[in-house]
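Content type mmCIF, N, CA and C atoms, from the file entry02.cif:
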data_run
#
loop_
_atom_site.label_atom_id
_atom_site.label_comp_id
_atom_site.auth_asym_id
_atom_site.auth_seq_id
_atom_site.Cartn_x
_atom_site.Cartn_y
_atom_site.Cartn_z
N GLN A 1 -18.02 6.96 -0.56
CA GLN A 1 -17.38 5.82 -1.18
C GLN A 1 -16.20 6.31 -2.01
N VAL A 2 -15.20 5.48 -2.15
CA VAL A 2 -14.01 5.84 -2.89
C VAL A 2 -13.63 4.69 -3.81
N GLN A 3 -13.10 5.04 -4.97
CA GLN A 3 -12.55 4.05 -5.88
C GLN A 3 -11.06 4.24 -5.96
N LEU A 4 -10.34 3.13 -5.99
CA LEU A 4 -8.89 3.16 -5.96
C LEU A 4 -8.32 2.55 -7.23
N ALA A 5 -7.28 3.17 -7.75
CA ALA A 5 -6.63 2.67 -8.97
C ALA A 5 -5.13 2.71 -8.79
N GLU A 6 -4.52 1.51 -8.78
CA GLU A 6 -3.07 1.42 -8.64
C GLU A 6 -2.39 1.52 -10.00
N SER A 7 -1.17 2.00 -9.97
CA SER A 7 -0.34 2.05 -11.17
C SER A 7 1.12 2.00 -10.75
N GLY A 8 1.99 1.76 -11.73
CA GLY A 8 3.41 1.79 -11.46
C GLY A 8 4.08 0.44 -11.36
N GLY A 9 3.30 -0.63 -11.43
CA GLY A 9 3.91 -1.95 -11.36
C GLY A 9 4.67 -2.27 -12.64
N GLY A 10 5.39 -3.37 -12.62
CA GLY A 10 6.14 -3.77 -13.80
C GLY A 10 7.20 -4.79 -13.46
N LEU A 11 8.10 -4.98 -14.41
CA LEU A 11 9.20 -5.93 -14.27
C LEU A 11 10.49 -5.17 -13.97
N VAL A 12 11.20 -5.59 -12.95
CA VAL A 12 12.43 -4.92 -12.55
C VAL A 12 13.43 -5.97 -12.10
N GLN A 13 14.69 -5.68 -12.26
CA GLN A 13 15.73 -6.59 -11.80
C GLN A 13 15.93 -6.44 -10.30
N ALA A 14 16.41 -7.49 -9.69
CA ALA A 14 16.72 -7.44 -8.26
C ALA A 14 17.68 -6.29 -7.98
N GLY A 15 17.40 -5.58 -6.90
CA GLY A 15 18.18 -4.40 -6.55
C GLY A 15 17.61 -3.11 -7.10
N GLY A 16 16.66 -3.21 -8.00
CA GLY A 16 16.08 -2.04 -8.61
C GLY A 16 14.98 -1.41 -7.77
N SER A 17 14.33 -0.41 -8.35
CA SER A 17 13.30 0.34 -7.63
C SER A 17 12.06 0.51 -8.49
N LEU A 18 10.94 0.64 -7.82
CA LEU A 18 9.68 0.99 -8.44
C LEU A 18 8.91 1.89 -7.49
N ARG A 19 8.07 2.74 -8.04
CA ARG A 19 7.16 3.52 -7.21
C ARG A 19 5.74 3.23 -7.65
N LEU A 20 4.97 2.69 -6.74
CA LEU A 20 3.57 2.45 -6.99
C LEU A 20 2.75 3.66 -6.56
N SER A 21 1.72 3.93 -7.32
CA SER A 21 0.79 5.00 -6.98
C SER A 21 -0.61 4.42 -6.85
N CYS A 22 -1.38 5.03 -6.00
CA CYS A 22 -2.78 4.64 -5.85
C CYS A 22 -3.59 5.93 -5.83
N ALA A 23 -4.36 6.14 -6.88
CA ALA A 23 -5.18 7.33 -6.99
C ALA A 23 -6.59 7.03 -6.52
N ALA A 24 -7.12 7.89 -5.68
CA ALA A 24 -8.46 7.71 -5.13
C ALA A 24 -9.43 8.72 -5.72
N SER A 25 -10.59 8.24 -6.06
CA SER A 25 -11.64 9.14 -6.53
C SER A 25 -12.41 9.68 -5.34
N GLY A 26 -13.23 10.66 -5.57
CA GLY A 26 -14.07 11.17 -4.51
C GLY A 26 -13.38 12.23 -3.67
N SER A 27 -14.07 12.64 -2.63
CA SER A 27 -13.58 13.72 -1.80
C SER A 27 -13.19 13.19 -0.42
N ALA A 28 -12.70 14.09 0.40
CA ALA A 28 -12.35 13.77 1.79
C ALA A 28 -11.29 12.69 1.89
N PHE A 29 -10.36 12.71 0.97
CA PHE A 29 -9.31 11.68 0.95
C PHE A 29 -8.53 11.69 2.26
N SER A 30 -8.38 12.85 2.84
CA SER A 30 -7.60 12.95 4.09
C SER A 30 -8.25 12.17 5.23
N ASN A 31 -9.52 11.85 5.09
CA ASN A 31 -10.22 11.09 6.12
C ASN A 31 -10.06 9.58 5.97
N TYR A 32 -9.31 9.17 4.96
CA TYR A 32 -9.10 7.76 4.72
C TYR A 32 -7.73 7.32 5.21
N ARG A 33 -7.72 6.21 5.89
CA ARG A 33 -6.45 5.56 6.28
C ARG A 33 -6.07 4.65 5.10
N MET A 34 -4.83 4.73 4.68
CA MET A 34 -4.42 4.05 3.46
C MET A 34 -3.40 2.96 3.76
N GLY A 35 -3.54 1.88 3.03
CA GLY A 35 -2.62 0.77 3.22
C GLY A 35 -2.24 0.12 1.90
N TRP A 36 -1.14 -0.60 1.94
CA TRP A 36 -0.69 -1.43 0.82
C TRP A 36 -0.57 -2.87 1.31
N PHE A 37 -1.07 -3.76 0.49
CA PHE A 37 -0.95 -5.19 0.74
C PHE A 37 -0.41 -5.84 -0.52
N ARG A 38 0.04 -7.08 -0.39
CA ARG A 38 0.49 -7.80 -1.58
C ARG A 38 0.12 -9.27 -1.46
N GLN A 39 0.00 -9.88 -2.61
CA GLN A 39 -0.31 -11.30 -2.65
C GLN A 39 0.52 -11.97 -3.72
N ALA A 40 1.40 -12.84 -3.28
CA ALA A 40 2.21 -13.62 -4.20
C ALA A 40 1.41 -14.83 -4.66
N SER A 41 1.79 -15.37 -5.78
CA SER A 41 1.08 -16.52 -6.34
C SER A 41 1.08 -17.68 -5.36
N GLY A 42 -0.09 -18.19 -5.06
CA GLY A 42 -0.21 -19.33 -4.17
C GLY A 42 -0.12 -19.01 -2.70
N LYS A 43 -0.06 -17.73 -2.37
CA LYS A 43 0.06 -17.33 -0.97
C LYS A 43 -1.09 -16.41 -0.57
N GLU A 44 -1.26 -16.22 0.72
CA GLU A 44 -2.28 -15.32 1.21
C GLU A 44 -1.81 -13.87 1.08
N ARG A 45 -2.79 -13.00 1.02
CA ARG A 45 -2.46 -11.58 0.96
C ARG A 45 -1.84 -11.15 2.27
N GLU A 46 -0.82 -10.30 2.19
CA GLU A 46 -0.12 -9.87 3.40
C GLU A 46 0.05 -8.35 3.43
N PHE A 47 0.13 -7.85 4.63
CA PHE A 47 0.31 -6.42 4.86
C PHE A 47 1.71 -5.99 4.44
N VAL A 48 1.78 -4.81 3.84
CA VAL A 48 3.07 -4.24 3.44
C VAL A 48 3.33 -2.93 4.17
N ALA A 49 2.39 -1.99 4.07
CA ALA A 49 2.61 -0.66 4.66
C ALA A 49 1.28 0.05 4.84
N ALA A 50 1.26 1.01 5.77
CA ALA A 50 0.06 1.81 5.98
C ALA A 50 0.44 3.18 6.51
N LEU A 51 -0.45 4.12 6.27
CA LEU A 51 -0.23 5.49 6.71
C LEU A 51 -1.58 6.09 7.03
N ARG A 52 -1.74 6.53 8.26
CA ARG A 52 -3.07 7.02 8.67
C ARG A 52 -3.37 8.42 8.15
N TRP A 53 -2.35 9.29 8.16
CA TRP A 53 -2.55 10.64 7.65
C TRP A 53 -1.23 11.21 7.19
N SER A 54 -1.32 12.24 6.38
CA SER A 54 -0.12 12.86 5.83
C SER A 54 0.75 13.39 6.97
N GLY A 55 2.00 13.02 6.94
CA GLY A 55 2.91 13.44 8.00
C GLY A 55 2.89 12.56 9.21
N GLY A 56 2.02 11.57 9.21
CA GLY A 56 1.93 10.66 10.33
C GLY A 56 3.01 9.59 10.28
N SER A 57 3.03 8.76 11.29
CA SER A 57 4.01 7.68 11.34
C SER A 57 3.62 6.58 10.36
N PRO A 58 4.57 6.14 9.56
CA PRO A 58 4.28 5.02 8.66
C PRO A 58 4.40 3.69 9.41
N TYR A 59 3.67 2.72 8.95
CA TYR A 59 3.73 1.37 9.51
C TYR A 59 4.15 0.44 8.38
N LEU A 60 5.19 -0.31 8.62
CA LEU A 60 5.77 -1.16 7.60
C LEU A 60 5.93 -2.58 8.10
N ALA A 61 5.72 -3.52 7.22
CA ALA A 61 6.01 -4.91 7.56
C ALA A 61 7.51 -5.07 7.76
N ASP A 62 7.89 -5.96 8.65
CA ASP A 62 9.31 -6.15 8.94
C ASP A 62 10.11 -6.49 7.69
N CYS A 63 9.49 -7.22 6.79
CA CYS A 63 10.23 -7.69 5.61
C CYS A 63 10.54 -6.57 4.62
N VAL A 64 9.94 -5.41 4.78
CA VAL A 64 10.19 -4.30 3.84
C VAL A 64 10.80 -3.09 4.53
N LYS A 65 10.94 -3.14 5.83
CA LYS A 65 11.53 -2.00 6.55
C LYS A 65 12.93 -1.72 6.04
N GLY A 66 13.20 -0.44 5.84
CA GLY A 66 14.51 -0.05 5.34
C GLY A 66 14.59 -0.06 3.83
N ARG A 67 13.58 -0.63 3.17
CA ARG A 67 13.58 -0.69 1.71
C ARG A 67 12.38 0.02 1.09
N PHE A 68 11.23 -0.06 1.73
CA PHE A 68 10.00 0.54 1.21
C PHE A 68 9.63 1.76 2.04
N THR A 69 8.99 2.71 1.38
CA THR A 69 8.49 3.90 2.04
C THR A 69 7.08 4.18 1.56
N ILE A 70 6.19 4.53 2.48
CA ILE A 70 4.83 4.90 2.12
C ILE A 70 4.65 6.39 2.37
N SER A 71 3.96 7.03 1.45
CA SER A 71 3.67 8.46 1.61
C SER A 71 2.33 8.75 0.94
N ARG A 72 1.80 9.92 1.20
CA ARG A 72 0.54 10.31 0.59
C ARG A 72 0.54 11.79 0.29
N ASP A 73 -0.19 12.15 -0.74
CA ASP A 73 -0.38 13.55 -1.12
C ASP A 73 -1.88 13.78 -1.15
N ASP A 74 -2.40 14.36 -0.10
CA ASP A 74 -3.84 14.53 -0.01
C ASP A 74 -4.38 15.50 -1.05
N ALA A 75 -3.55 16.43 -1.50
CA ALA A 75 -4.00 17.36 -2.53
C ALA A 75 -4.22 16.64 -3.86
N LYS A 76 -3.52 15.53 -4.05
CA LYS A 76 -3.66 14.74 -5.28
C LYS A 76 -4.47 13.48 -5.07
N ASN A 77 -4.99 13.29 -3.87
CA ASN A 77 -5.75 12.07 -3.57
C ASN A 77 -4.96 10.81 -3.93
N THR A 78 -3.70 10.80 -3.58
CA THR A 78 -2.83 9.71 -4.00
C THR A 78 -1.94 9.25 -2.85
N VAL A 79 -1.77 7.94 -2.78
CA VAL A 79 -0.82 7.35 -1.84
C VAL A 79 0.23 6.62 -2.67
N TYR A 80 1.46 6.64 -2.18
CA TYR A 80 2.58 6.07 -2.92
C TYR A 80 3.26 4.98 -2.11
N LEU A 81 3.88 4.06 -2.81
CA LEU A 81 4.74 3.07 -2.19
C LEU A 81 6.05 3.07 -2.97
N GLN A 82 7.07 3.64 -2.38
CA GLN A 82 8.39 3.63 -2.99
C GLN A 82 9.11 2.36 -2.57
N MET A 83 9.51 1.58 -3.54
CA MET A 83 10.13 0.29 -3.26
C MET A 83 11.55 0.29 -3.81
N ASN A 84 12.50 0.19 -2.92
CA ASN A 84 13.92 0.16 -3.29
C ASN A 84 14.53 -1.19 -2.93
N SER A 85 15.68 -1.47 -3.49
CA SER A 85 16.40 -2.72 -3.20
C SER A 85 15.47 -3.92 -3.32
N LEU A 86 14.77 -3.96 -4.40
CA LEU A 86 13.77 -5.02 -4.58
C LEU A 86 14.42 -6.39 -4.68
N LYS A 87 13.70 -7.37 -4.16
CA LYS A 87 14.15 -8.75 -4.14
C LYS A 87 13.15 -9.62 -4.90
N PRO A 88 13.58 -10.76 -5.39
CA PRO A 88 12.63 -11.65 -6.08
C PRO A 88 11.43 -12.01 -5.21
N GLU A 89 11.64 -12.10 -3.91
CA GLU A 89 10.52 -12.43 -3.02
C GLU A 89 9.52 -11.31 -2.86
N ASP A 90 9.80 -10.14 -3.41
CA ASP A 90 8.83 -9.05 -3.42
C ASP A 90 7.83 -9.20 -4.57
N THR A 91 8.07 -10.16 -5.44
CA THR A 91 7.16 -10.39 -6.56
C THR A 91 5.76 -10.73 -6.06
N ALA A 92 4.79 -9.97 -6.51
CA ALA A 92 3.40 -10.14 -6.05
C ALA A 92 2.50 -9.15 -6.77
N VAL A 93 1.22 -9.34 -6.60
CA VAL A 93 0.26 -8.31 -6.97
C VAL A 93 0.10 -7.41 -5.75
N TYR A 94 0.27 -6.12 -5.97
CA TYR A 94 0.19 -5.15 -4.89
C TYR A 94 -1.15 -4.43 -4.94
N TYR A 95 -1.80 -4.39 -3.79
CA TYR A 95 -3.12 -3.79 -3.67
C TYR A 95 -3.09 -2.58 -2.76
N CYS A 96 -3.82 -1.59 -3.17
CA CYS A 96 -4.05 -0.41 -2.35
C CYS A 96 -5.38 -0.60 -1.62
N ALA A 97 -5.45 -0.14 -0.37
CA ALA A 97 -6.67 -0.28 0.40
C ALA A 97 -6.94 1.00 1.18
N ALA A 98 -8.21 1.26 1.43
CA ALA A 98 -8.60 2.48 2.14
C ALA A 98 -9.65 2.18 3.19
N ARG A 99 -9.51 2.90 4.29
CA ARG A 99 -10.51 2.81 5.34
C ARG A 99 -10.96 4.23 5.68
N PHE A 100 -12.26 4.44 5.68
CA PHE A 100 -12.80 5.74 6.06
C PHE A 100 -12.97 5.77 7.56
N GLY A 101 -12.38 6.79 8.19
CA GLY A 101 -12.55 6.96 9.62
C GLY A 101 -11.40 6.40 10.42
N TYR A 102 -11.61 6.42 11.72
CA TYR A 102 -10.55 6.06 12.64
C TYR A 102 -10.15 4.60 12.53
N ALA A 103 -8.86 4.38 12.70
CA ALA A 103 -8.33 3.02 12.82
C ALA A 103 -7.10 3.10 13.71
N SER A 104 -7.01 2.21 14.65
CA SER A 104 -5.83 2.20 15.51
C SER A 104 -4.63 1.74 14.72
N ALA A 105 -3.48 2.11 15.20
CA ALA A 105 -2.24 1.74 14.52
C ALA A 105 -2.12 0.22 14.42
N SER A 106 -2.48 -0.45 15.50
CA SER A 106 -2.31 -1.91 15.52
C SER A 106 -3.26 -2.61 14.57
N SER A 107 -4.36 -1.96 14.22
CA SER A 107 -5.34 -2.60 13.35
C SER A 107 -5.00 -2.47 11.86
N LEU A 108 -4.08 -1.61 11.53
CA LEU A 108 -3.81 -1.32 10.13
C LEU A 108 -3.23 -2.50 9.38
N LYS A 109 -2.69 -3.47 10.10
CA LYS A 109 -2.13 -4.64 9.44
C LYS A 109 -3.20 -5.66 9.07
N ASP A 110 -4.39 -5.44 9.53
CA ASP A 110 -5.50 -6.36 9.30
C ASP A 110 -6.28 -5.95 8.06
N GLU A 111 -6.31 -6.77 7.04
CA GLU A 111 -6.99 -6.37 5.81
C GLU A 111 -8.49 -6.20 6.04
N GLY A 112 -9.04 -6.80 7.08
CA GLY A 112 -10.45 -6.65 7.36
C GLY A 112 -10.85 -5.24 7.79
N VAL A 113 -9.87 -4.44 8.18
CA VAL A 113 -10.12 -3.06 8.60
C VAL A 113 -10.51 -2.18 7.42
N TYR A 114 -10.04 -2.54 6.26
CA TYR A 114 -10.20 -1.69 5.08
C TYR A 114 -11.51 -1.97 4.36
N GLN A 115 -12.14 -0.89 3.92
CA GLN A 115 -13.45 -1.01 3.29
C GLN A 115 -13.36 -1.02 1.77
N TYR A 116 -12.30 -0.47 1.24
CA TYR A 116 -12.18 -0.31 -0.21
C TYR A 116 -10.84 -0.83 -0.68
N TRP A 117 -10.87 -1.43 -1.85
CA TRP A 117 -9.67 -2.03 -2.43
C TRP A 117 -9.56 -1.69 -3.91
N GLY A 118 -8.31 -1.56 -4.35
CA GLY A 118 -8.05 -1.41 -5.77
C GLY A 118 -7.97 -2.77 -6.45
N GLN A 119 -7.74 -2.73 -7.75
CA GLN A 119 -7.68 -3.96 -8.55
C GLN A 119 -6.32 -4.63 -8.47
N GLY A 120 -5.32 -3.90 -8.05
CA GLY A 120 -3.99 -4.47 -7.92
C GLY A 120 -3.11 -4.18 -9.13
N THR A 121 -1.81 -4.18 -8.87
CA THR A 121 -0.84 -4.00 -9.93
C THR A 121 0.29 -5.01 -9.72
N GLN A 122 0.71 -5.64 -10.80
CA GLN A 122 1.71 -6.70 -10.71
C GLN A 122 3.11 -6.12 -10.61
N VAL A 123 3.86 -6.64 -9.67
CA VAL A 123 5.29 -6.31 -9.54
C VAL A 123 6.06 -7.63 -9.66
N THR A 124 6.99 -7.66 -10.60
CA THR A 124 7.80 -8.85 -10.81
C THR A 124 9.26 -8.46 -10.71
N VAL A 125 9.98 -9.13 -9.82
CA VAL A 125 11.39 -8.85 -9.61
C VAL A 125 12.19 -10.07 -10.08
N SER A 126 13.01 -9.86 -11.06
CA SER A 126 13.80 -10.95 -11.61
C SER A 126 15.16 -11.02 -10.92
N SER A 127 15.68 -12.22 -10.81
CA SER A 127 16.97 -12.40 -10.14
C SER A 127 18.13 -12.31 -11.11
#
Could I get this file's structure written as structure tokens?
Amino acid sequence: QVQLAESGGGLVQAGGSLRLSCAASGSAFSNYRMGWFRQASGKEREFVAALRWSGGSPYLADCVKGRFTISRDDAKNTVYLQMNSLKPEDTAVYYCAARFGYASASSLKDEGVYQYWGQGTQVTVSS
């Protein structure tokens, strides 16, 4: 089992940047597929980014491609979401998620694939 803790959220002006971190407790972090999701007020939670393993191909939602980057440091049990050129529509609570074991690339966008979730961190982008 793993526990996830997000950090790095906050208030930023449009065009600015933030880096979210998600620290995982426990061992065998490299065996977890990691994802980021977000939920804006009044909307359903949506996929943002995922990374199956360090050095692997990142998977990004179309709406963040070219602006967001996902990476992980298995030595630190941490996954990151670098968010650049932020827009007001990026305002949401951002959640880190983890899945132990294999997951196909196509399944990573499905929140049901993930077994563990963090508490979320608020990101607010002002115009």
Residues returned when the PyMOL selection byres ((chain A and resi 93-97) around 8) runs on this file, as a ChimeraX atom specification: /A:4-6,9,21-23,32-41,90-92,98-100,113-124
Proximity to Glu46 (chain A) - best of A:Gln3, A:Ser126, A:Ser27, A:Lys109, all atoms listed in the file: A:Lys109
Atom pair CA of Arg72 (chain A) / atom N of Leu51 (chain A): separation (Å):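 Here the two named atoms are 8.5 Å from each other.
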Point-to-point distance in Å for atom N of Ser85 (chain A) and CA of Ala14 (chain A): 7.7 Å
Nearest residue to Ala50 (chain A) from the set A:Ala103, A:Leu108, A:Val64, A:Val125 (distances using only C-alpha atoms):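 Using only C-alpha atoms, Ala50 (chain A) sits closest to A:Leu108.
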Separation of atom N of Lys65 (chain A) from CA of Val12 (chain A) in Å: 18.5 Å
Proximity to Gln82 (chain A) - best of A:Ala105, A:Ala49, A:Ala28, A:Ser127, only C-alpha atoms: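 Between A:Ala105, A:Ala49, A:Ala28, A:Ser127, the residue approaching Gln82 (chain A) most closely is A:Ala49.
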Residues of chain A in strand (DSSP E or B), written as a ChimeraX atom specification: /A:4-7,10-13,18-24,32-39,46-51,58-60,68-73,78-83,92-100,116-117,121-126
Could you tell me which residues the PyMOL selection byres ((chain A and resi 83) around 5) returns for this structure, as a PDB file with N, CA and C atoms, in the coordinates of the input?
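Writing the result to selection_9.pdb gives the following:
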ATOM      1  N   SER A  17      14.330  -0.410  -8.350  1.00  0.00           N
ATOM      2  CA  SER A  17      13.300   0.340  -7.630  1.00  0.00           C
ATOM      3  C   SER A  17      12.060   0.510  -8.490  1.00  0.00           C
ATOM      4  N   LEU A  18      10.940   0.640  -7.820  1.00  0.00           N
ATOM      5  CA  LEU A  18       9.680   0.990  -8.440  1.00  0.00           C
ATOM      6  C   LEU A  18       8.910   1.890  -7.490  1.00  0.00           C
ATOM      7  N   ARG A  19       8.070   2.740  -8.040  1.00  0.00           N
ATOM      8  CA  ARG A  19       7.160   3.520  -7.210  1.00  0.00           C
ATOM      9  C   ARG A  19       5.740   3.230  -7.650  1.00  0.00           C
ATOM     10  N   ARG A  67      13.580  -0.630   3.170  1.00  0.00           N
ATOM     11  CA  ARG A  67      13.580  -0.690   1.710  1.00  0.00           C
ATOM     12  C   ARG A  67      12.380   0.020   1.090  1.00  0.00           C
ATOM     13  N   PHE A  68      11.230  -0.060   1.730  1.00  0.00           N
ATOM     14  CA  PHE A  68      10.000   0.540   1.210  1.00  0.00           C
ATOM     15  C   PHE A  68       9.630   1.760   2.040  1.00  0.00           C
ATOM     16  N   LEU A  81       3.880   4.060  -2.810  1.00  0.00           N
ATOM     17  CA  LEU A  81       4.740   3.070  -2.190  1.00  0.00           C
ATOM     18  C   LEU A  81       6.050   3.070  -2.970  1.00  0.00           C
ATOM     19  N   GLN A  82       7.070   3.640  -2.380  1.00  0.00           N
ATOM     20  CA  GLN A  82       8.390   3.630  -2.990  1.00  0.00           C
ATOM     21  C   GLN A  82       9.110   2.360  -2.570  1.00  0.00           C
ATOM     22  N   ASN A  84      12.500   0.190  -2.920  1.00  0.00           N
ATOM     23  CA  ASN A  84      13.920   0.160  -3.290  1.00  0.00           C
ATOM     24  C   ASN A  84      14.530  -1.190  -2.930  1.00  0.00           C
ATOM     25  N   SER A  85      15.680  -1.470  -3.490  1.00  0.00           N
ATOM     26  CA  SER A  85      16.400  -2.720  -3.200  1.00  0.00           C
ATOM     27  C   SER A  85      15.470  -3.920  -3.320  1.00  0.00           C
TER      28      SER A  85
END
Proximity to Asn31 (chain A) - best of A:Ile70, A:Trp53, A:Gly8, A:Val79, all atoms listed in the file: A:Trp53
Spatial neighbours of Phe29 (chain A), 8 Å, all atoms listed in the file, chain gap at least 5 places, as an MDAnalysis selection string: chainID A and resid 24 73:78
Residue among A:Gly101, A:Gly66, A:Gly15, A:Ser30 lying closest to Ser54 (chain A), counting only N, CA and C atoms: A:Ser30
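Each of A:Gln13, A:Gly55, A:Val48, A:Cys63 was compared to Asp110 (chain A) using only C-alpha atoms, and A:Val48 turns out to be the nearest.
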Add whatever atoms are absent from region 40-48 of chain A to reach all heavy atoms, and provide the output as a PDB file, in the coordinates of the input.
ATOM      1  N   ALA A  40       1.400 -12.840  -3.280  1.00  0.00           N
ATOM      2  CA  ALA A  40       2.210 -13.620  -4.200  1.00  0.00           C
ATOM      3  C   ALA A  40       1.410 -14.830  -4.660  1.00  0.00           C
ATOM      4  O   ALA A  40       0.474 -15.272  -3.983  1.00  0.00           O
ATOM      5  CB  ALA A  40       3.496 -14.051  -3.521  1.00  0.00           C
ATOM      6  N   SER A  41       1.790 -15.370  -5.780  1.00  0.00           N
ATOM      7  CA  SER A  41       1.080 -16.520  -6.340  1.00  0.00           C
ATOM      8  C   SER A  41       1.080 -17.680  -5.360  1.00  0.00           C
ATOM      9  O   SER A  41       2.139 -18.065  -4.850  1.00  0.00           O
ATOM     10  CB  SER A  41       1.736 -16.927  -7.656  1.00  0.00           C
ATOM     11  OG  SER A  41       1.062 -18.026  -8.220  1.00  0.00           O
ATOM     12  N   GLY A  42      -0.090 -18.190  -5.060  1.00  0.00           N
ATOM     13  CA  GLY A  42      -0.210 -19.330  -4.170  1.00  0.00           C
ATOM     14  C   GLY A  42      -0.120 -19.010  -2.700  1.00  0.00           C
ATOM     15  O   GLY A  42      -0.120 -19.914  -1.862  1.00  0.00           O
ATOM     16  N   LYS A  43      -0.060 -17.730  -2.370  1.00  0.00           N
ATOM     17  CA  LYS A  43       0.060 -17.330  -0.970  1.00  0.00           C
ATOM     18  C   LYS A  43      -1.090 -16.410  -0.570  1.00  0.00           C
ATOM     19  O   LYS A  43      -1.785 -15.860  -1.429  1.00  0.00           O
ATOM     20  CB  LYS A  43       1.395 -16.631  -0.726  1.00  0.00           C
ATOM     21  CG  LYS A  43       2.606 -17.538  -0.926  1.00  0.00           C
ATOM     22  CD  LYS A  43       3.881 -16.826  -0.516  1.00  0.00           C
ATOM     23  CE  LYS A  43       5.083 -17.744  -0.653  1.00  0.00           C
ATOM     24  NZ  LYS A  43       6.340 -17.072  -0.231  1.00  0.00           N
ATOM     25  N   GLU A  44      -1.260 -16.220   0.720  1.00  0.00           N
ATOM     26  CA  GLU A  44      -2.280 -15.320   1.210  1.00  0.00           C
ATOM     27  C   GLU A  44      -1.810 -13.870   1.080  1.00  0.00           C
ATOM     28  O   GLU A  44      -0.608 -13.585   1.049  1.00  0.00           O
ATOM     29  CB  GLU A  44      -2.599 -15.632   2.681  1.00  0.00           C
ATOM     30  CG  GLU A  44      -3.257 -16.984   2.872  1.00  0.00           C
ATOM     31  CD  GLU A  44      -3.704 -17.211   4.311  1.00  0.00           C
ATOM     32  OE1 GLU A  44      -3.372 -16.381   5.184  1.00  0.00           O
ATOM     33  OE2 GLU A  44      -4.387 -18.216   4.563  1.00  0.00           O
ATOM     34  N   ARG A  45      -2.790 -13.000   1.020  1.00  0.00           N
ATOM     35  CA  ARG A  45      -2.460 -11.580   0.960  1.00  0.00           C
ATOM     36  C   ARG A  45      -1.840 -11.150   2.270  1.00  0.00           C
ATOM     37  O   ARG A  45      -2.297 -11.552   3.354  1.00  0.00           O
ATOM     38  CB  ARG A  45      -3.722 -10.771   0.644  1.00  0.00           C
ATOM     39  CG  ARG A  45      -3.460  -9.316   0.344  1.00  0.00           C
ATOM     40  CD  ARG A  45      -4.562  -8.718  -0.508  1.00  0.00           C
ATOM     41  NE  ARG A  45      -5.892  -8.860   0.075  1.00  0.00           N
ATOM     42  CZ  ARG A  45      -6.996  -8.505  -0.556  1.00  0.00           C
ATOM     43  NH1 ARG A  45      -6.956  -7.996  -1.780  1.00  0.00           N
ATOM     44  NH2 ARG A  45      -8.156  -8.670   0.044  1.00  0.00           N
ATOM     45  N   GLU A  46      -0.820 -10.300   2.190  1.00  0.00           N
ATOM     46  CA  GLU A  46      -0.120  -9.870   3.400  1.00  0.00           C
ATOM     47  C   GLU A  46       0.050  -8.350   3.430  1.00  0.00           C
ATOM     48  O   GLU A  46       0.104  -7.689   2.390  1.00  0.00           O
ATOM     49  CB  GLU A  46       1.264 -10.528   3.482  1.00  0.00           C
ATOM     50  CG  GLU A  46       2.231 -10.140   2.393  1.00  0.00           C
ATOM     51  CD  GLU A  46       3.621 -10.733   2.604  1.00  0.00           C
ATOM     52  OE1 GLU A  46       3.853 -11.422   3.615  1.00  0.00           O
ATOM     53  OE2 GLU A  46       4.485 -10.489   1.741  1.00  0.00           O
ATOM     54  N   PHE A  47       0.130  -7.850   4.630  1.00  0.00           N
ATOM     55  CA  PHE A  47       0.310  -6.420   4.860  1.00  0.00           C
ATOM     56  C   PHE A  47       1.710  -5.990   4.440  1.00  0.00           C
ATOM     57  O   PHE A  47       2.689  -6.700   4.670  1.00  0.00           O
ATOM     58  CB  PHE A  47       0.104  -6.117   6.349  1.00  0.00           C
ATOM     59  CG  PHE A  47       0.514  -4.745   6.762  1.00  0.00           C
ATOM     60  CD1 PHE A  47      -0.299  -3.650   6.485  1.00  0.00           C
ATOM     61  CD2 PHE A  47       1.703  -4.534   7.436  1.00  0.00           C
ATOM     62  CE1 PHE A  47       0.075  -2.383   6.882  1.00  0.00           C
ATOM     63  CE2 PHE A  47       2.082  -3.268   7.841  1.00  0.00           C
ATOM     64  CZ  PHE A  47       1.269  -2.189   7.554  1.00  0.00           C
ATOM     65  N   VAL A  48       1.780  -4.810   3.840  1.00  0.00           N
ATOM     66  CA  VAL A  48       3.070  -4.240   3.440  1.00  0.00           C
ATOM     67  C   VAL A  48       3.330  -2.930   4.170  1.00  0.00           C
ATOM     68  O   VAL A  48       4.371  -2.746   4.800  1.00  0.00           O
ATOM     69  CB  VAL A  48       3.128  -3.991   1.913  1.00  0.00           C
ATOM     70  CG1 VAL A  48       4.437  -3.296   1.542  1.00  0.00           C
ATOM     71  CG2 VAL A  48       2.961  -5.285   1.144  1.00  0.00           C
TER      72      VAL A  48
END
